[in-house]
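Visitor: The structure file query17.txt (compact mmCIF, C-alpha atoms) is provided below.
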# COMPACT_ATOMS: atom_id res chain seq x y z
CA MET A 701 -18.56 9.14 -17.71
CA LYS A 702 -15.55 11.05 -16.44
CA LYS A 703 -14.91 8.66 -13.57
CA ARG A 704 -14.19 5.71 -15.83
CA GLU A 705 -11.23 7.54 -17.32
CA ASN A 706 -8.97 7.16 -14.30
CA ILE A 707 -6.74 4.26 -15.33
CA VAL A 708 -5.91 3.36 -11.71
CA LEU A 709 -9.60 3.16 -10.85
CA MET A 710 -10.14 0.97 -13.91
CA LEU A 711 -7.33 -1.44 -12.96
CA ALA A 712 -8.31 -1.41 -9.28
CA ARG A 713 -11.90 -2.32 -10.20
CA ARG A 714 -10.76 -5.12 -12.47
CA ARG A 715 -8.33 -6.70 -10.01
CA LYS A 716 -9.60 -9.57 -7.86
CA SER A 717 -7.77 -11.66 -5.28
CA ILE A 718 -7.27 -15.08 -6.86
CA ARG A 719 -6.75 -18.27 -4.84
CA GLU A 720 -6.85 -20.86 -7.65
CA TYR A 721 -4.18 -20.88 -10.34
CA ARG A 722 -3.57 -22.84 -13.54
CA ARG A 723 -0.57 -25.08 -12.98
CA ASP A 724 2.52 -25.31 -15.16
CA GLU A 725 1.93 -22.02 -16.95
CA ASP A 726 4.99 -20.29 -18.26
CA ILE A 727 5.18 -16.69 -17.09
CA PRO A 728 7.87 -14.55 -18.72
CA ILE A 729 10.12 -13.25 -15.95
CA GLU A 730 10.14 -9.85 -17.70
CA LYS A 731 6.51 -9.33 -16.70
CA ILE A 732 7.37 -9.95 -13.06
CA LEU A 733 10.41 -7.68 -13.19
CA THR A 734 8.38 -4.90 -14.83
CA ALA A 735 5.79 -5.15 -12.05
CA ILE A 736 8.50 -5.08 -9.38
CA GLU A 737 10.02 -2.04 -11.08
CA ALA A 738 6.75 -0.24 -10.39
CA ALA A 739 6.95 -1.32 -6.74
CA LEU A 740 10.47 0.12 -6.46
CA GLU A 741 9.05 3.57 -7.31
CA ALA A 742 6.90 3.68 -4.14
CA PRO A 743 7.55 6.46 -1.63
CA SER A 744 8.99 5.35 1.73
CA GLY A 745 9.92 6.75 5.13
CA ARG A 746 13.20 8.67 4.77
CA ASN A 747 13.37 7.15 1.24
CA CYS A 748 14.80 4.05 2.93
CA GLN A 749 13.14 1.76 0.37
CA PRO A 750 12.75 -0.99 2.99
CA TRP A 751 11.32 -3.55 0.56
CA ARG A 752 13.04 -6.72 -0.63
CA PHE A 753 11.53 -9.16 -3.11
CA ILE A 754 12.35 -12.84 -3.56
CA ILE A 755 11.01 -14.28 -6.81
CA ILE A 756 10.42 -18.00 -6.32
CA ARG A 757 10.04 -20.27 -9.34
CA ASP A 758 11.67 -23.46 -8.08
CA LYS A 759 9.04 -26.19 -7.63
CA GLY A 760 10.75 -27.81 -4.66
CA LEU A 761 10.96 -24.48 -2.86
CA LYS A 762 7.31 -23.69 -3.57
CA ARG A 763 6.30 -27.06 -2.14
CA ARG A 764 8.34 -26.52 1.02
CA ILE A 765 6.85 -23.05 1.48
CA ARG A 766 3.36 -24.48 1.02
CA GLU A 767 4.03 -27.19 3.60
CA ALA A 768 5.44 -24.68 6.10
CA CYS A 769 2.47 -22.35 5.68
CA GLU A 770 -0.12 -25.12 5.89
CA GLU A 771 1.46 -26.40 9.08
CA ALA A 772 1.22 -22.90 10.56
CA GLU A 773 -2.40 -22.44 9.40
CA LYS A 774 -3.84 -25.60 11.00
CA PRO A 775 -4.04 -24.33 14.61
CA PHE A 776 -5.54 -21.05 13.38
CA HIS A 777 -8.27 -22.78 11.39
CA GLN A 778 -9.04 -25.14 14.28
CA ARG A 779 -9.49 -22.15 16.58
CA VAL A 780 -11.64 -19.98 14.34
CA LYS A 781 -15.35 -19.74 15.20
CA GLY A 782 -18.66 -18.08 14.45
CA GLU A 783 -19.17 -15.61 11.67
CA PHE A 784 -15.57 -15.60 10.53
CA LYS A 785 -15.65 -19.42 10.25
CA LYS A 786 -18.71 -19.14 8.02
CA TRP A 787 -17.07 -16.39 5.97
CA LEU A 788 -14.07 -18.66 5.35
CA GLN A 789 -16.27 -21.68 4.55
CA ASP A 790 -18.33 -19.69 2.04
CA ARG A 791 -15.12 -18.94 0.18
CA GLY A 792 -13.63 -22.41 0.48
CA ILE A 793 -10.74 -21.03 2.53
CA THR A 794 -9.15 -23.73 4.71
CA TRP A 795 -5.68 -24.46 6.07
CA ARG A 796 -4.82 -25.81 2.62
CA LYS A 797 -2.87 -23.34 0.47
CA PRO A 798 -2.50 -25.02 -2.95
CA PHE A 799 -1.93 -21.64 -4.59
CA LEU A 800 1.54 -21.58 -3.02
CA GLU A 801 2.43 -24.58 -5.17
CA ASP A 802 0.14 -24.16 -8.19
CA ALA A 803 0.98 -20.56 -9.04
CA PRO A 804 3.95 -20.53 -11.40
CA ILE A 805 5.60 -17.74 -9.43
CA LEU A 806 5.62 -16.62 -5.81
CA ILE A 807 6.96 -13.25 -4.71
CA ALA A 808 7.94 -13.13 -1.04
CA VAL A 809 8.02 -9.52 0.11
CA TYR A 810 10.15 -8.49 3.09
CA SER A 811 10.60 -5.21 4.96
CA ASP A 812 13.78 -3.95 6.58
CA THR A 813 12.83 -3.35 10.22
CA GLU A 814 15.73 -0.91 10.63
CA CYS A 815 14.04 1.61 8.31
CA PRO A 816 11.40 4.09 9.53
CA TYR A 817 7.80 2.99 8.85
CA PRO A 818 8.99 -0.30 7.31
CA SER A 819 5.60 -1.99 7.02
CA GLN A 820 3.68 1.06 5.87
CA SER A 821 6.22 1.80 3.13
CA THR A 822 6.41 -1.83 2.05
CA TRP A 823 2.64 -2.12 1.77
CA ILE A 824 2.63 0.86 -0.59
CA ALA A 825 5.15 -1.05 -2.71
CA ILE A 826 3.00 -4.20 -2.47
CA ALA A 827 -0.02 -2.27 -3.71
CA TYR A 828 1.94 -0.83 -6.64
CA LEU A 829 3.12 -4.37 -7.36
CA ILE A 830 -0.31 -6.02 -7.43
CA LEU A 831 -1.73 -3.24 -9.61
CA ALA A 832 1.21 -3.55 -12.00
CA ILE A 833 0.69 -7.34 -12.06
CA GLU A 834 -2.94 -6.66 -13.00
CA ALA A 835 -1.75 -4.32 -15.76
CA GLU A 836 0.39 -7.22 -17.08
CA GLY A 837 -2.77 -9.33 -17.34
CA LEU A 838 -1.82 -11.59 -14.43
CA ALA A 839 -3.66 -12.49 -11.24
CA SER A 840 -2.36 -12.26 -7.68
CA LEU A 841 -3.16 -12.60 -3.99
CA THR A 842 -1.61 -11.07 -0.89
CA TYR A 843 -1.26 -13.98 1.51
CA THR A 844 0.38 -13.54 4.91
CA PRO A 845 1.15 -16.80 6.73
CA SER A 846 0.12 -17.15 10.38
CA LYS A 847 3.75 -17.87 11.26
CA THR A 848 6.70 -16.76 9.20
CA SER A 849 9.80 -18.26 10.86
CA LYS A 850 9.82 -21.47 8.81
CA VAL A 851 9.47 -19.60 5.50
CA ASN A 852 12.31 -17.26 6.49
CA GLU A 853 14.46 -20.30 7.24
CA ILE A 854 13.67 -21.93 3.87
CA LEU A 855 14.59 -18.73 2.04
CA GLY A 856 17.63 -17.95 4.21
CA VAL A 857 16.41 -14.52 5.29
CA PRO A 858 18.32 -12.58 8.01
CA ASN A 859 16.41 -11.75 11.23
CA ARG A 860 16.33 -8.06 10.50
CA TYR A 861 13.81 -8.54 7.68
CA ARG A 862 10.14 -9.23 8.22
CA LEU A 863 7.97 -11.28 5.86
CA GLU A 864 5.05 -9.00 4.98
CA THR A 865 3.34 -11.19 2.42
CA ILE A 866 3.72 -13.94 -0.15
CA ILE A 867 2.17 -13.10 -3.52
CA PRO A 868 1.29 -15.97 -5.88
CA VAL A 869 1.23 -14.78 -9.49
CA GLY A 870 -0.32 -16.55 -12.46
CA TYR A 871 -3.54 -17.17 -14.37
CA PRO A 872 -6.81 -18.00 -12.61
CA SER A 873 -7.94 -21.61 -13.05
CA ARG A 874 -11.53 -20.45 -12.82
CA ASP A 875 -13.44 -17.22 -12.76
CA LYS A 876 -14.72 -15.72 -9.55
CA ARG A 877 -16.77 -12.72 -8.59
CA LYS A 878 -15.02 -9.83 -6.95
CA GLU A 879 -15.93 -9.39 -3.29
CA HIS A 880 -18.41 -6.62 -2.58
CA ARG A 881 -16.99 -3.19 -1.82
CA ALA A 882 -18.63 -0.54 0.34
CA ALA A 883 -19.81 2.62 -1.42
CA LEU A 884 -18.07 5.98 -1.16
CA GLU A 885 -20.77 7.18 1.21
CA GLU A 886 -19.91 4.44 3.69
CA ARG A 887 -16.20 5.21 3.85
CA VAL A 888 -15.84 8.95 3.25
CA PHE A 889 -16.56 11.92 5.49
CA ILE A 890 -16.27 15.64 4.80
CA ASP A 891 -14.28 17.87 7.19
CA ARG A 892 -15.27 15.87 10.27
CA TRP A 893 -15.90 12.27 11.35
CA GLY A 894 -19.52 11.35 10.73
CA ASN A 895 -20.15 14.22 8.33
CA ARG A 896 -21.48 12.27 5.36
CA LEU A 897 -20.82 12.95 1.76
CA ASP A 898 -23.99 14.04 0.03
CA ILE A 899 -25.09 15.35 -3.29
CA THR A 900 -24.63 18.99 -2.27
CA VAL A 901 -20.93 18.32 -1.64
CA LYS A 902 -20.42 16.87 -5.08
CA MET B 1317 10.56 -0.93 -25.05
CA LYS B 1318 8.10 -3.39 -23.58
CA LYS B 1319 8.67 -2.20 -20.00
CA ARG B 1320 7.39 1.31 -20.68
CA GLU B 1321 4.01 -0.07 -21.61
CA ASN B 1322 2.97 -0.95 -18.08
CA ILE B 1323 0.74 1.97 -17.14
CA VAL B 1324 1.26 1.45 -13.41
CA LEU B 1325 5.03 1.58 -13.86
CA MET B 1326 4.63 4.75 -15.91
CA LEU B 1327 2.49 6.46 -13.25
CA ALA B 1328 4.68 5.18 -10.41
CA ARG B 1329 7.77 6.59 -12.13
CA ARG B 1330 6.11 9.94 -12.70
CA ARG B 1331 4.80 10.37 -9.16
CA LYS B 1332 6.92 12.37 -6.71
CA SER B 1333 6.21 13.26 -3.08
CA ILE B 1334 5.43 16.99 -3.07
CA ARG B 1335 5.85 19.19 0.02
CA GLU B 1336 5.15 22.62 -1.53
CA TYR B 1337 1.73 23.43 -2.92
CA ARG B 1338 0.18 26.35 -4.79
CA ARG B 1339 -2.28 28.03 -2.46
CA ASP B 1340 -5.90 28.84 -3.22
CA GLU B 1341 -6.19 26.46 -6.14
CA ASP B 1342 -9.61 25.12 -6.84
CA ILE B 1343 -9.63 21.32 -7.06
CA PRO B 1344 -12.85 19.73 -8.32
CA ILE B 1345 -14.11 17.39 -5.61
CA GLU B 1346 -14.93 14.84 -8.34
CA LYS B 1347 -11.22 14.24 -8.90
CA ILE B 1348 -10.74 13.46 -5.22
CA LEU B 1349 -13.79 11.18 -5.10
CA THR B 1350 -12.64 9.32 -8.22
CA ALA B 1351 -9.24 8.72 -6.61
CA ILE B 1352 -10.87 7.52 -3.38
CA GLU B 1353 -13.08 5.19 -5.42
CA ALA B 1354 -9.89 3.50 -6.60
CA ALA B 1355 -8.74 3.17 -2.97
CA LEU B 1356 -12.04 1.50 -2.04
CA GLU B 1357 -11.23 -1.31 -4.48
CA ALA B 1358 -8.14 -2.41 -2.54
CA PRO B 1359 -8.06 -5.93 -1.11
CA SER B 1360 -8.18 -6.20 2.70
CA GLY B 1361 -7.97 -8.79 5.45
CA ARG B 1362 -11.28 -10.65 5.59
CA ASN B 1363 -12.57 -7.99 3.14
CA CYS B 1364 -13.12 -5.80 6.22
CA GLN B 1365 -12.29 -2.63 4.23
CA PRO B 1366 -10.85 -0.99 7.36
CA TRP B 1367 -10.15 2.35 5.66
CA ARG B 1368 -11.98 5.61 6.36
CA PHE B 1369 -11.26 8.88 4.57
CA ILE B 1370 -11.94 12.40 5.77
CA ILE B 1371 -11.71 15.00 3.02
CA ILE B 1372 -10.74 18.34 4.55
CA ARG B 1373 -11.27 21.57 2.62
CA ASP B 1374 -12.13 23.96 5.42
CA LYS B 1375 -9.34 26.52 5.88
CA GLY B 1376 -9.83 26.86 9.62
CA LEU B 1377 -9.62 23.10 10.07
CA LYS B 1378 -6.50 22.84 7.90
CA ARG B 1379 -4.83 25.54 10.01
CA ARG B 1380 -5.70 23.78 13.25
CA ILE B 1381 -4.37 20.48 11.90
CA ARG B 1382 -1.18 22.19 10.81
CA GLU B 1383 -0.72 23.74 14.24
CA ALA B 1384 -1.36 20.44 16.02
CA CYS B 1385 1.12 18.60 13.78
CA GLU B 1386 3.80 21.27 14.06
CA GLU B 1387 3.51 21.24 17.84
CA ALA B 1388 4.02 17.45 17.78
CA GLU B 1389 6.98 17.69 15.38
CA LYS B 1390 9.07 20.17 17.38
CA PRO B 1391 10.43 17.71 19.98
CA PHE B 1392 11.20 15.20 17.23
CA HIS B 1393 13.18 17.70 15.18
CA GLN B 1394 15.06 18.92 18.27
CA ARG B 1395 16.08 15.33 19.03
CA VAL B 1396 17.16 14.26 15.57
CA LYS B 1397 20.92 13.98 14.97
CA GLY B 1398 23.67 12.93 12.59
CA GLU B 1399 23.03 11.63 9.11
CA PHE B 1400 19.25 11.81 9.33
CA LYS B 1401 19.49 15.46 10.44
CA LYS B 1402 21.56 16.20 7.35
CA TRP B 1403 19.12 14.26 5.16
CA LEU B 1404 16.26 16.42 6.48
CA GLN B 1405 18.23 19.67 6.10
CA ASP B 1406 19.19 18.85 2.50
CA ARG B 1407 15.48 18.60 1.73
CA GLY B 1408 14.42 21.62 3.75
CA ILE B 1409 12.31 19.40 6.02
CA THR B 1410 11.75 21.02 9.42
CA TRP B 1411 9.02 20.98 12.06
CA ARG B 1412 7.12 23.42 9.84
CA LYS B 1413 4.38 21.77 7.79
CA PRO B 1414 2.98 24.51 5.55
CA PHE B 1415 1.65 21.91 3.10
CA LEU B 1416 -1.05 21.08 5.63
CA GLU B 1417 -2.44 24.58 5.15
CA ASP B 1418 -1.36 25.41 1.59
CA ALA B 1419 -2.67 22.30 -0.14
CA PRO B 1420 -6.28 22.93 -1.18
CA ILE B 1421 -7.32 19.52 0.11
CA LEU B 1422 -6.16 17.17 2.85
CA ILE B 1423 -7.26 13.56 3.05
CA ALA B 1424 -6.93 12.07 6.54
CA VAL B 1425 -6.84 8.27 6.27
CA TYR B 1426 -7.88 6.12 9.22
CA SER B 1427 -7.87 2.37 9.83
CA ASP B 1428 -10.38 0.41 11.89
CA THR B 1429 -8.26 -1.39 14.48
CA GLU B 1430 -11.00 -4.00 14.98
CA CYS B 1431 -10.38 -5.40 11.49
CA PRO B 1432 -7.66 -7.97 10.75
CA TYR B 1433 -4.46 -6.48 9.32
CA PRO B 1434 -5.88 -2.94 9.54
CA SER B 1435 -2.68 -1.04 8.74
CA GLN B 1436 -1.49 -3.34 5.99
CA SER B 1437 -4.87 -3.21 4.24
CA THR B 1438 -5.19 0.54 4.65
CA TRP B 1439 -1.73 1.16 3.20
CA ILE B 1440 -2.73 -0.77 0.10
CA ALA B 1441 -5.69 1.60 -0.19
CA ILE B 1442 -3.40 4.59 0.40
CA ALA B 1443 -1.11 3.43 -2.42
CA TYR B 1444 -4.06 3.01 -4.79
CA LEU B 1445 -5.17 6.49 -3.74
CA ILE B 1446 -1.89 8.28 -4.39
CA LEU B 1447 -1.49 6.56 -7.77
CA ALA B 1448 -5.04 7.50 -8.73
CA ILE B 1449 -4.33 11.09 -7.61
CA GLU B 1450 -1.29 11.05 -9.91
CA ALA B 1451 -3.51 9.78 -12.73
CA GLU B 1452 -5.78 12.81 -12.09
CA GLY B 1453 -2.77 15.09 -12.66
CA LEU B 1454 -2.52 16.08 -9.00
CA ALA B 1455 0.37 15.91 -6.54
CA SER B 1456 0.37 14.33 -3.09
CA LEU B 1457 2.42 13.36 -0.05
CA THR B 1458 1.93 10.73 2.64
CA TYR B 1459 2.63 12.56 5.88
CA THR B 1460 2.24 10.82 9.24
CA PRO B 1461 2.35 13.14 12.25
CA SER B 1462 4.60 12.24 15.19
CA LYS B 1463 1.56 12.35 17.46
CA THR B 1464 -2.00 11.87 16.31
CA SER B 1465 -4.23 12.47 19.35
CA LYS B 1466 -4.75 16.19 18.73
CA VAL B 1467 -5.67 15.65 15.07
CA ASN B 1468 -8.13 12.92 16.08
CA GLU B 1469 -9.69 15.35 18.54
CA ILE B 1470 -10.02 18.12 15.94
CA LEU B 1471 -11.71 15.73 13.51
CA GLY B 1472 -13.85 14.03 16.17
CA VAL B 1473 -12.58 10.53 15.46
CA PRO B 1474 -13.55 7.63 17.78
CA ASN B 1475 -10.70 5.83 19.61
CA ARG B 1476 -11.12 2.65 17.64
CA TYR B 1477 -9.72 4.28 14.50
CA ARG B 1478 -6.04 4.99 13.94
CA LEU B 1479 -4.70 7.87 11.87
CA GLU B 1480 -2.42 6.25 9.28
CA THR B 1481 -1.56 9.32 7.26
CA ILE B 1482 -2.63 12.78 6.14
CA ILE B 1483 -2.39 13.31 2.39
CA PRO B 1484 -2.18 16.88 1.06
CA VAL B 1485 -3.46 17.09 -2.52
CA GLY B 1486 -2.91 19.89 -4.99
CA TYR B 1487 -0.53 21.35 -7.53
CA PRO B 1488 3.22 21.73 -6.84
CA SER B 1489 4.35 25.33 -6.31
CA ARG B 1490 7.73 24.43 -7.77
CA ASP B 1491 9.32 21.53 -9.53
CA LYS B 1492 11.55 19.06 -7.73
CA ARG B 1493 13.59 16.04 -8.70
CA LYS B 1494 12.33 12.64 -7.70
CA GLU B 1495 14.41 11.00 -4.99
CA HIS B 1496 16.78 8.33 -6.22
CA ARG B 1497 15.51 4.75 -6.29
CA ALA B 1498 17.60 1.61 -5.93
CA ALA B 1499 17.88 -0.61 -9.01
CA LEU B 1500 16.12 -3.97 -9.38
CA GLU B 1501 19.41 -5.77 -8.69
CA GLU B 1502 19.62 -4.14 -5.25
CA ARG B 1503 16.16 -5.17 -4.12
CA VAL B 1504 15.36 -8.46 -5.85
CA PHE B 1505 16.61 -11.98 -5.22
CA ILE B 1506 15.85 -15.21 -7.06
CA ASP B 1507 14.68 -18.27 -5.10
CA ARG B 1508 16.80 -17.45 -2.05
CA TRP B 1509 17.99 -14.46 -0.05
CA GLY B 1510 21.23 -13.11 -1.50
CA ASN B 1511 20.80 -14.89 -4.84
CA ARG B 1512 21.15 -11.92 -7.17
CA LEU B 1513 19.27 -11.29 -10.31
CA ASP B 1514 21.58 -11.48 -13.29
CA ILE B 1515 21.35 -11.46 -17.03
CA THR B 1516 21.01 -15.25 -17.27
CA VAL B 1517 17.81 -15.07 -15.22
CA LYS B 1518 16.25 -12.56 -17.55
If you convert what's in this file into structure tokens, what do you get?
Guide:
Amino acid sequence: MKKRENIVLMLARRRKSIREYRRDEDIPIEKILTAIEAALEAPSGRNCQPWRFIIIRDKGLKRRIREACEEAEKPFHQRVKGEFKKWLQDRGITWRKPFLEDAPILIAVYSDTECPYPSQSTWIAIAYLILAIEAEGLASLTYTPSKTSKVNEILGVPNRYRLETIIPVGYPSRDKRKEHRAALEERVFIDRWGNRLDITVK
Amino acid sequence: MKKRENIVLMLARRRKSIREYRRDEDIPIEKILTAIEAALEAPSGRNCQPWRFIIIRDKGLKRRIREACEEAEKPFHQRVKGEFKKWLQDRGITWRKPFLEDAPILIAVYSDTECPYPSQSTWIAIAYLILAIEAEGLASLTYTPSKTSKVNEILGVPNRYRLETIIPVGYPSRDKRKEHRAALEERVFIDRWGNRLDITVK
């Protein structure tokens, strides 16, 4: 089938968000740098390239980041109710964030708030990055802590930069199913909102 | 060299933002749908999949969108000064947006503001989309109008959805150089802000 030939579609289909990592794996830094090189090629508002990446391998630092994030998550998880609570429970998602310590590498991604469209541009770079990580045969997650001030302090980041996400990178410690995705027909319209894609369009 | 083998890096390097398109080209809708299928695989906050895509091929609609966007751009371009003005002039970027009419296809991308992290998630999908478009051998641009209300009205979009970008898709009418990108050393730190990547790290 023609569709299967798009390499980005193939990688995008294969990639899953992974929350459990094998500990103490050695990841060659070259793989991480290659993936970040892809991220650096993203387009950005006024070509400002607002992204900054901090590669974190130090175990002490990873533990401190985990502790800071878990502290920030507790009030959020105490507050959460109803359907969302169930959704989190079904996936074993709690205030505990062991992936921040277990994953051999974390990549903290910052945006320069003095650039135009800093977040939008940086999330393009993040997407390039996670796809390139997939292409390197590694797993990842985009995790954004509920509060970021403590992490910024640990990493010594100036106020002007905003923490967009922390990406653990490594090998999954167990397999998981990819979350369901909506079909084309549920997300795509033709020429006008509500005008559904149908076979005659194709 | 090992680095060249990452297919995402290769595509990311090849892709350039294109503002001038060949008119009246016929683009098979399958190529567009395949690229959007890649976008649908993006991760999102609470797997809410906040993205919506409107594929616009109708010439009358494209003209109206162009007119609405140009009207919104004029005050912005009258206001702009100094270095940024020069940056725009060097690239021939004015309030005129012919690509909105010349490109055979526009993809308007919306986010559902009732989802968590709607913009962040949608920009991951947008990045997957533009890389998948590149893999299909087509050019693209992420263009965000200065004001979006008129476009939303033309397309009949409910208030709850936010226009993140309009992506023209087609073939370049002339070649251009890719904008310069900063080197790894300028965007990457190790373990702490300001701690530069050097040869000993590699």
Visitor: Give as a list in words every residue of chain A that touches chain B within 6 Å, counting only C-alpha atoms.
Guide: Lys703, Val708, Leu709, Ala712, Arg713, Thr734, Ala738, Glu741, Arg752, Phe753, Ile754, Ile755, Ile756, Trp823, Ile824, Ala827, Ala832, Leu855, Gly856, Val857, Arg887, Val888, Phe889, Ile890, Asp891, Arg892 and Trp893 of chain A
Visitor: When you look at A:Ala839 with a cut-off of 6 Å (counting only C-alpha atoms), what residues show up, excluding the ones that are within fewer than 4 positions of it in the same chain? I need them as an MDAnalysis selection string.
Guide: chainID A and resid 869:871
Visitor: Mind giving me the straight-line distance from atom CA of A:Trp795 to atom CA of A:Lys847 in Å, one decimal?
Guide: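 Atom CA of A:Lys847 lies 12.6 Å from atom CA of A:Trp795.
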Visitor: Box for stretch 1494-1510 of chain B: with edges along x, y and z, all listed atoms inside and 5 Å added on each side, what are the centre and edge lengths in Å to one decimal, as AutoDock Vina command-line options?
Guide:
--center_x 16.8 --center_y -2.8 --center_z -4.7 --size_x 18.9 --size_y 40.9 --size_z 19.3
Visitor: Between atom CA of B:Gln1394 and atom CA of B:Ile1482, measure the distance and give it in Å to one decimal.
Guide: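 Straight-line distance from atom CA of B:Gln1394 to atom CA of B:Ile1482 works out to 22.3 Å.
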Visitor: Find the distance between atom CA of B:Lys1402 and atom CA of A:Asp812 and write it in Å to one decimal.
Guide: 21.6 Å
